[in-house]
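*Asks:* One file: run25.txt (compact mmCIF, C-alpha atoms).
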# COMPACT_ATOMS: atom_id res chain seq x y z
CA MET A 1 -11.64 -12.44 19.34
CA THR A 2 -9.28 -9.50 19.42
CA GLU A 3 -10.27 -6.15 18.01
CA LYS A 4 -7.57 -4.38 16.04
CA GLN A 5 -7.42 -0.90 14.61
CA ILE A 6 -5.61 0.60 11.63
CA ASN A 7 -4.50 4.19 12.03
CA ILE A 8 -3.38 6.50 9.27
CA ARG A 9 -1.56 9.77 9.43
CA PHE A 10 -1.86 12.67 7.04
CA HIS A 11 -1.25 16.40 6.86
CA GLU A 12 -4.01 18.90 6.10
CA PHE A 13 -3.30 22.28 4.54
CA ARG A 14 -5.72 25.15 3.97
CA THR A 15 -4.10 26.46 0.78
CA ILE A 16 -1.54 25.46 -1.82
CA GLU A 17 0.69 28.22 -0.47
CA GLU A 18 1.20 26.23 2.75
CA LEU A 19 2.80 23.33 0.84
CA GLU A 20 6.55 22.94 0.47
CA ASP A 21 7.91 24.22 -2.85
CA ASP A 22 8.09 20.83 -4.64
CA ASP A 23 4.60 19.85 -3.45
CA ARG A 24 3.20 23.25 -4.45
CA GLU A 25 4.66 22.87 -7.94
CA LEU A 26 3.20 19.37 -8.25
CA ALA A 27 -0.22 20.51 -6.97
CA ARG A 28 -0.32 23.33 -9.50
CA ALA A 29 0.61 20.88 -12.26
CA ALA A 30 -2.29 18.60 -11.23
CA ILE A 31 -4.75 21.51 -11.30
CA GLU A 32 -3.43 22.56 -14.71
CA ALA A 33 -3.75 18.96 -15.95
CA MET A 34 -7.53 19.13 -15.32
CA GLY A 35 -7.66 21.11 -18.58
CA GLY A 36 -6.74 17.95 -20.51
CA ALA A 37 -9.70 15.95 -19.21
CA TYR A 38 -12.18 14.46 -21.64
CA ALA A 39 -15.32 13.99 -19.54
CA PRO A 40 -18.43 14.39 -21.73
CA TYR A 41 -20.44 11.97 -19.55
CA SER A 42 -19.60 12.76 -15.93
CA HIS A 43 -18.41 16.34 -16.52
CA PHE A 44 -15.98 15.65 -13.65
CA HIS A 45 -12.51 16.75 -14.73
CA VAL A 46 -9.55 15.22 -12.91
CA GLY A 47 -5.91 16.16 -13.31
CA ALA A 48 -2.93 14.31 -11.89
CA ALA A 49 0.78 14.98 -11.83
CA VAL A 50 3.63 12.72 -10.76
CA ARG A 51 7.14 13.74 -9.77
CA LEU A 52 9.89 11.37 -10.84
CA SER A 53 13.25 10.66 -9.25
CA ASN A 54 14.92 12.75 -11.99
CA GLY A 55 12.77 15.77 -11.01
CA LYS A 56 10.51 15.60 -14.08
CA ILE A 57 6.78 16.11 -13.68
CA VAL A 58 4.43 14.07 -15.87
CA LYS A 59 0.76 15.03 -16.09
CA GLY A 60 -2.38 13.10 -16.90
CA ALA A 61 -6.12 13.73 -17.08
CA ASN A 62 -9.17 11.48 -16.99
CA GLN A 63 -10.35 10.22 -20.37
CA GLU A 64 -13.92 8.95 -20.63
CA ASN A 65 -15.32 6.70 -23.34
CA ALA A 66 -18.84 5.78 -24.42
CA ALA A 67 -17.83 2.13 -24.11
CA PHE A 68 -17.63 2.24 -20.32
CA PRO A 69 -15.25 1.25 -18.66
CA SER A 70 -12.84 1.85 -21.54
CA GLY A 71 -11.82 5.27 -20.20
CA LEU A 72 -8.99 5.85 -17.77
CA CYS A 73 -8.51 7.86 -14.60
CA ALA A 74 -6.10 10.79 -14.48
CA GLU A 75 -3.85 9.13 -11.93
CA ARG A 76 -3.27 6.02 -14.05
CA THR A 77 -2.90 8.14 -17.18
CA ALA A 78 -0.06 10.06 -15.49
CA MET A 79 1.59 7.01 -13.89
CA PHE A 80 1.45 4.88 -17.04
CA SER A 81 2.78 7.73 -19.17
CA ALA A 82 5.64 8.25 -16.71
CA GLY A 83 6.36 4.52 -16.58
CA ALA A 84 6.43 4.23 -20.37
CA THR A 85 8.45 7.40 -20.97
CA TYR A 86 10.88 7.08 -18.05
CA PRO A 87 10.93 3.34 -17.22
CA ASP A 88 14.10 3.57 -15.13
CA LYS A 89 12.89 6.46 -12.94
CA ASP A 90 10.89 6.05 -9.74
CA ILE A 91 7.63 7.88 -9.05
CA LEU A 92 8.21 9.78 -5.81
CA SER A 93 4.90 11.62 -5.43
CA LEU A 94 1.52 12.09 -7.04
CA ALA A 95 -0.93 14.99 -6.79
CA LEU A 96 -4.52 14.97 -7.99
CA ALA A 97 -7.24 17.58 -8.33
CA GLY A 98 -10.77 17.38 -9.61
CA GLY A 99 -14.01 19.22 -10.06
CA VAL A 100 -17.15 19.58 -12.13
CA MET A 101 -16.75 21.23 -15.53
CA GLY A 102 -13.06 21.87 -14.86
CA ARG A 103 -13.58 24.01 -11.74
CA LEU A 104 -11.61 22.81 -8.72
CA GLY A 105 -13.96 21.19 -6.22
CA SER A 106 -14.18 22.35 -2.63
CA GLU A 107 -13.15 19.01 -1.13
CA PRO A 108 -10.03 17.02 -2.04
CA ALA A 109 -10.39 14.66 -4.97
CA THR A 110 -9.71 11.08 -3.90
CA PRO A 111 -8.43 8.22 -6.07
CA CYS A 112 -10.44 5.12 -6.90
CA GLY A 113 -9.35 1.71 -5.66
CA ALA A 114 -7.78 0.72 -8.98
CA CYS A 115 -5.62 3.85 -8.99
CA ARG A 116 -4.61 3.23 -5.38
CA GLN A 117 -3.48 -0.29 -6.31
CA VAL A 118 -1.44 1.02 -9.25
CA MET A 119 0.17 3.57 -6.90
CA ALA A 120 0.99 0.71 -4.55
CA GLN A 121 2.65 -1.19 -7.40
CA TYR A 122 4.86 1.78 -8.33
CA GLN A 123 5.70 2.31 -4.65
CA ALA A 124 6.73 -1.36 -4.34
CA LYS A 125 8.76 -1.14 -7.55
CA ALA A 126 10.66 1.87 -6.18
CA ARG A 127 11.09 0.29 -2.74
CA LYS A 128 10.43 3.70 -1.17
CA PRO A 129 7.34 5.64 -0.11
CA LEU A 130 5.24 7.36 -2.76
CA SER A 131 3.50 10.41 -1.28
CA VAL A 132 -0.01 11.34 -2.39
CA ILE A 133 -1.47 14.85 -2.39
CA MET A 134 -5.25 15.26 -2.76
CA ILE A 135 -6.29 18.79 -3.65
CA GLY A 136 -9.50 20.67 -2.96
CA ALA A 137 -10.21 24.40 -2.86
CA SER A 138 -11.04 24.33 0.88
CA ARG A 139 -8.32 21.91 2.00
CA ILE A 140 -5.45 19.76 0.79
CA TRP A 141 -4.45 16.37 2.21
CA LYS A 142 -0.95 14.93 1.99
CA PHE A 143 -0.27 11.27 2.73
CA ASP A 144 3.36 10.21 3.15
CA LYS A 145 2.87 6.79 1.59
CA VAL A 146 0.31 4.79 -0.37
CA ASP A 147 -0.20 2.45 2.61
CA ASP A 148 -2.07 5.30 4.31
CA ILE A 149 -4.73 5.41 1.60
CA LEU A 150 -4.75 1.67 0.88
CA PRO A 151 -4.34 -0.31 4.08
CA LEU A 152 -3.58 -4.02 3.66
CA ILE A 153 -2.08 -3.48 0.21
CA PHE A 154 -2.19 -6.42 -2.18
CA ASP A 155 1.46 -6.96 -3.12
CA SER A 156 2.69 -9.82 -5.24
CA ILE A 157 6.23 -8.49 -5.69
Take the structure in the file and write it out as structure tokens.
*Replies:*
Amino acid sequence: MTEKQINIRFHEFRTIEELEDDDRELARAAIEAMGGAYAPYSHFHVGAAVRLSNGKIVKGANQENAAFPSGLCAERTAMFSAGATYPDKDILSLALAGGVMGRLGSEPATPCGACRQVMAQYQAKARKPLSVIMIGASRIWKFDKVDDILPLIFDSI
């Protein structure tokens, strides 16, 4: 037997102000997108924003449904909207923010496994890294590529 280890690298910021201009704009868009959440069951509002290769930002918010699991996460809402509206543009980065009753949580919001796999698919489609920014009031994490949040990506492309 040989023991192996997977290492990931990410950047941690204390405030949005420490981010580069494009990332700061995307992070603010994700926080703003929390206002579009429909979360009558969990009361956990999530906003996401994606930046496309043409510079456009597309936002999404989680949408819950009484017929669970018919709702959809904010990240997939944003990515699918971007993919449908701008099918020939790559998704370069995604930011997400979340918190109870629409108030930004202290710790960074993290995407579910299904959202991570969809990010991986868009990254593979673009054939370039898709950065991911997870926002919390006390810290922000930036990952340079989806591989860092989804090791051993399933990829059928």
*Asks:* Can you pull out the residues contacting stretch 59-74 of chain A? Cut-off 8 Å, using all atoms listed in the file, and skip same-chain residues under 4 positions away; I want them as a PyMOL selection string.
*Replies:* chain A and resi 29-30+33-41+45-50+78-79+81+96+115
*Asks:* Given the choices A:Arg9, A:Lys145, A:Arg51, A:Lys4, which gets closest to A:Leu94 if the distance is worked out from only C-alpha atoms?
*Replies:* A:Arg51
*Asks:* Go through A:Met134, A:Ser53, A:Asp22, A:Leu152 one by one, measure the shortest atom-to-atom distance of each to A:Ser106 using only C-alpha atoms, and give the residue with the smallest value.
*Replies:*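 The shortest atom-to-atom distance to A:Ser106 comes from A:Met134.
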*Asks:* I'd like the interatomic distance between atom CA of A:Ala120 and atom CA of A:Asp147, to a tenth of an Å.
*Replies:*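 Between these atoms lies a distance of 7.5 Å.
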*Asks:* Here is a test: counting only C-alpha atoms, which residue of A:Leu104, A:Ile91, A:Met119, A:Ile8 is nearest to A:Ile135?
*Replies:* A:Leu104
*Asks:* Draw an axis-aligned box over all listed atoms of stretch 97-100 of chain A, pad each side with 3 Å, and write its centre and edge lengths in Å, one decimal, as AutoDock Vina command-line options.
*Replies:*
--center_x -12.2 --center_y 18.5 --center_z -10.2 --size_x 15.9 --size_y 8.2 --size_z 9.8
*Asks:* At a cut-off of 10 Å around the point (-3.4, 23.9, 3.1) (file coordinates), what residues fall inside when counting all atoms listed in the file? I'd like the answer as a list in words.
*Replies:*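 The residues near that point, listed by chain and number, are His11, Glu12, Phe13, Arg14, Thr15, Ile16, Glu17, Glu18, Leu19, Ile135, Gly136, Ala137, Ser138, Arg139, Ile140, Trp141 and Lys142 of chain A.
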*Asks:* For A:Lys128, find every residue with an atom within 9 Å (counting only C-alpha atoms), except residues of its own chain fewer than 4 positions away, and show them as number ranges by chain.
*Replies:* A: 90, 92, 123-124, 145
*Asks:* With only C-alpha atoms as the basis for distance, which of A:Arg116, A:Glu20, A:Arg127, A:Glu25 is at the shortest distance from A:Asp148?
*Replies:*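 The answer is A:Arg116, which sits nearest to A:Asp148.
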*Asks:* Pick out the closest residue to A:Ala109 from this set: A:Ala126, A:Ser131, A:Glu32, A:Ala95. Count only C-alpha atoms.
*Replies:*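 Checking each candidate against A:Ala109, we get A:Ala95 as the closest.
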*Asks:* Neighbouring residues of A:Asp88 were defined as those with any atom within 10 Å, considering all atoms listed in the file; residues of the same chain fewer than 4 positions away were excluded. Please report them as a PyMOL selection string.
*Replies:* chain A and resi 52-54+82-84+126
*Asks:* Taking into account only C-alpha atoms, which residue in the set A:Val118, A:Gly102, A:Ser93, A:Arg28 is nearest to A:Thr77?
*Replies:*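 Using only C-alpha atoms, A:Thr77 sits closest to A:Val118.
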*Asks:* What is the atom CA of A:Ile153 to atom CA of A:Asp21 distance in Å?
*Replies:*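 So the answer is 29.6 Å.
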